[in-house]
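Each remark here refers to the structure printed beneath this line.
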Amino acid sequence: MLFKRVLHTSMNQGIPVRSGSGTGIFSNARISTRTEDAAYTLTVDDMAGGVVQFTSLTAGRTVTTPTAADILAAATDMDVGDAFQIIVSAVAAFAITWAAGTGVTLAGRATTPASSSTNIFVRKTSATTVIWTVL
């Protein structure tokens with residue numbers, strides 16, 4: 001599951017409430033290591049741990065986002081405007097160029113630089129679309 005609202009205790013009333021925008025980051029990251037050396041389509045399973053690491057690139061490669069339908073099917077707690085973050089790392093000295101899956105709008109940078117990582121925010125913009133912002 002990509003996005004799950006957690007319960008936390010309300011500061012005012014001391015009762016459990018569902019988390020919402022601005023209530024902080026709750027995470028336990030798991031790295032998904034990708035060893036492909038070709039164009040690749042990211043899956044929601046790759047994203048589920050919050051960190052994706054590409055370790056075997058021997059040239060710049062294009063990585064396509066999952067479709068918005070796949071992302072939203074795995075993030076059933078998301079409301080329009082909600083977002084989650086993943087980190088993508090290109091370990092080798094070659095960059096990742098992002099391509100949009102169906103229903104995904106790319107924003108921010110078009111690449112994850114070589115030997116670097118990027119934070120990616122995925123925000124639900126409608127019942128069927130998301131924005132994939134590469135920082």
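For the structure tokens, the naming scheme is as follows: chains receive sequential letters (A, B, ...) according to their order of presentation, residues are indexed from 1 within each chain, and ligands are indexed from 1 in presentation order.
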(request) Can you pull out every residue within 6 Å of Asp82 in chain A, counting only C-alpha atoms, but drop anything in the same chain fewer than 2 positions away, and send it as a list in words? (result) Met78, Asp79, Val80, Arg123 and Lys124 of chain A
Could the residues in this selection be saved with N, CA, C and O atoms as a short mmCIF file (atom, residue, chain, number, x, y, z; two decimals), in the first residue's frame?
```cif
data_model
loop_
_atom_site.label_atom_id
_atom_site.label_comp_id
_atom_site.auth_asym_id
_atom_site.auth_seq_id
_atom_site.Cartn_x
_atom_site.Cartn_y
_atom_site.Cartn_z
N MET A 78 -6.05 7.98 -0.11
CA MET A 78 -5.75 9.33 -0.58
C MET A 78 -7.01 10.09 -0.97
O MET A 78 -7.88 9.56 -1.65
N ASP A 79 -7.06 11.34 -0.53
CA ASP A 79 -8.07 12.28 -0.99
C ASP A 79 -7.40 13.22 -1.99
O ASP A 79 -6.16 13.34 -2.01
N VAL A 80 -8.18 13.91 -2.81
CA VAL A 80 -7.61 14.90 -3.72
C VAL A 80 -6.82 15.91 -2.90
O VAL A 80 -7.28 16.40 -1.88
N ARG A 123 1.18 13.58 -5.85
CA ARG A 123 -0.02 14.22 -5.30
C ARG A 123 -1.23 13.87 -6.15
O ARG A 123 -1.20 13.96 -7.38
N LYS A 124 -2.31 13.46 -5.47
CA LYS A 124 -3.56 13.14 -6.15
C LYS A 124 -4.24 14.44 -6.55
O LYS A 124 -4.49 15.31 -5.71
#
```
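Using only C-alpha atoms, the contacts of range 51-59 of chain A at a cut-off of 8 Å, with sequence neighbours closer than 3 positions omitted, comprise A:Ala29, A:Arg30, A:Ile31, A:Ser32, A:Thr33, A:Arg34, A:Thr35, A:Glu36, A:Asp37, A:Ala38, A:Asp46, A:Met47, A:Ala48, A:Ile86, A:Ile87, A:Val88, A:Ser89, A:Ala90, A:Val91, A:Ala92, A:Ala93, A:Phe94, A:Ala95.
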(message) With distances taken over only C-alpha atoms, which residue among A:Thr76, A:Thr128, A:Thr64, A:Thr43 lies nearest Ala110 in chain A?
(response) A:Thr64
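If you look at CA of Asp70 in chain A and CA of Leu135 in chain A, they are 22.2 Å away from each other.
Every protein or nucleic acid residue with an atom no more than 8 Å from Phe121 in chain A, counting only C-alpha atoms and leaving out same-chain residues fewer than 3 positions away, appears here: A:Ala83, A:Phe84, A:Gln85, A:Ile86, A:Ile131, A:Trp132, A:Thr133, A:Val134, A:Leu135.
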For those residues, write C-alpha atoms to a file as a compact mmCIF listing (two decimals), in the first residue's frame.
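So again.txt came out as:
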```txt
# COMPACT_ATOMS: atom_id res chain seq x y z
CA ALA A 83 0.58 13.41 -1.36
CA PHE A 84 3.27 10.94 -0.43
CA GLN A 85 7.00 10.96 -1.01
CA ILE A 86 9.47 8.45 -2.40
CA ILE A 131 1.22 14.90 -10.37
CA TRP A 132 4.71 13.37 -10.10
CA THR A 133 7.04 16.14 -8.89
CA VAL A 134 10.78 15.46 -9.04
CA LEU A 135 12.76 17.73 -6.69
```
(message) Would you pick out the contacts of Ile71 in chain A at 10 Å or less, using only C-alpha atoms, so that residues sharing its chain but fewer than 3 positions from it are not included, and give the list as a PyMOL selection string?
(response) chain A and resi 1-3+43-45+47+65-68+74-76+103-104+122+124+128-130
Could you save the residues just selected, with N, CA, C and O atoms, as a CSV table (one decimal), in the first residue's frame?
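Written output follows (part13.csv):
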```csv
chain,number,residue,atom,x,y,z
A,1,MET,N,0.8,-1.2,0.0
A,1,MET,CA,0.0,0.0,0.0
A,1,MET,C,0.9,1.2,0.0
A,1,MET,O,1.8,1.3,0.8
A,2,LEU,N,0.6,2.2,-0.9
A,2,LEU,CA,1.4,3.4,-1.0
A,2,LEU,C,1.1,4.5,0.0
A,2,LEU,O,1.9,5.2,0.4
A,3,PHE,N,-0.2,4.6,0.4
A,3,PHE,CA,-0.6,5.7,1.2
A,3,PHE,C,-1.6,5.1,2.2
A,3,PHE,O,-2.6,4.6,1.8
A,43,THR,N,7.0,0.1,-10.8
A,43,THR,CA,5.8,-0.5,-10.3
A,43,THR,C,5.4,0.1,-8.9
A,43,THR,O,6.3,0.7,-8.2
A,44,VAL,N,4.2,0.0,-8.6
A,44,VAL,CA,3.8,0.4,-7.2
A,44,VAL,C,4.4,-0.4,-6.2
A,44,VAL,O,4.7,0.1,-5.1
A,45,ASP,N,4.8,-1.7,-6.4
A,45,ASP,CA,5.5,-2.5,-5.5
A,45,ASP,C,6.9,-1.9,-5.3
A,45,ASP,O,7.4,-1.9,-4.2
A,47,MET,N,7.7,1.1,-5.4
A,47,MET,CA,7.5,2.4,-4.6
A,47,MET,C,7.1,2.2,-3.2
A,47,MET,O,7.3,3.0,-2.4
A,65,THR,N,6.9,6.3,-15.0
A,65,THR,CA,6.1,6.1,-13.8
A,65,THR,C,5.0,5.1,-14.0
A,65,THR,O,4.6,4.8,-15.1
A,66,PRO,N,4.5,4.5,-12.9
A,66,PRO,CA,3.3,3.7,-13.0
A,66,PRO,C,2.2,4.6,-13.5
A,66,PRO,O,2.2,5.8,-13.5
A,67,THR,N,1.1,4.0,-14.0
A,67,THR,CA,-0.1,4.8,-14.4
A,67,THR,C,-0.7,5.4,-13.1
A,67,THR,O,-0.6,4.8,-12.0
A,68,ALA,N,-1.5,6.4,-13.3
A,68,ALA,CA,-2.2,7.0,-12.2
A,68,ALA,C,-3.2,6.0,-11.6
A,68,ALA,O,-3.4,5.9,-10.4
A,74,ALA,N,-3.4,1.5,-5.4
A,74,ALA,CA,-2.6,1.1,-4.2
A,74,ALA,C,-2.6,2.2,-3.1
A,74,ALA,O,-2.0,1.9,-2.1
A,75,ALA,N,-3.3,3.3,-3.3
A,75,ALA,CA,-3.3,4.4,-2.3
A,75,ALA,C,-4.8,4.8,-2.0
A,75,ALA,O,-5.1,5.9,-2.2
A,76,THR,N,-5.5,3.8,-1.6
A,76,THR,CA,-7.0,4.0,-1.4
A,76,THR,C,-7.4,5.0,-0.4
A,76,THR,O,-8.5,5.6,-0.4
A,103,GLY,N,-2.2,9.2,-17.2
A,103,GLY,CA,-2.9,9.9,-16.1
A,103,GLY,C,-1.9,10.6,-15.1
A,103,GLY,O,-2.3,11.1,-14.1
A,104,VAL,N,-0.6,10.5,-15.4
A,104,VAL,CA,0.4,11.2,-14.6
A,104,VAL,C,1.0,12.4,-15.3
A,104,VAL,O,1.3,12.3,-16.5
A,122,VAL,N,4.2,12.6,-5.0
A,122,VAL,CA,3.1,12.1,-5.8
A,122,VAL,C,1.8,12.7,-5.2
A,122,VAL,O,1.5,12.3,-4.0
A,124,LYS,N,-2.3,13.5,-5.5
A,124,LYS,CA,-3.6,13.1,-6.2
A,124,LYS,C,-4.2,14.4,-6.6
A,124,LYS,O,-4.5,15.3,-5.7
A,128,THR,N,-8.7,10.4,-10.9
A,128,THR,CA,-8.0,9.5,-11.9
A,128,THR,C,-6.6,10.1,-12.3
A,128,THR,O,-6.0,9.5,-13.2
A,129,THR,N,-6.1,11.1,-11.6
A,129,THR,CA,-4.9,11.7,-12.0
A,129,THR,C,-4.0,12.0,-10.8
A,129,THR,O,-4.5,12.3,-9.7
A,130,VAL,N,-2.7,12.1,-11.1
A,130,VAL,CA,-1.7,12.5,-10.1
A,130,VAL,C,-0.6,13.4,-10.8
A,130,VAL,O,-0.4,13.3,-12.0
```
(request) Work out how far apart CA of Tyr40 in chain A and CA of Thr125 in chain A are and give it in Å to one decimal. (result) 24.7 Å
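Put simply, CA of Thr118 in chain A is 13.4 Å away from CA of Val63 in chain A.
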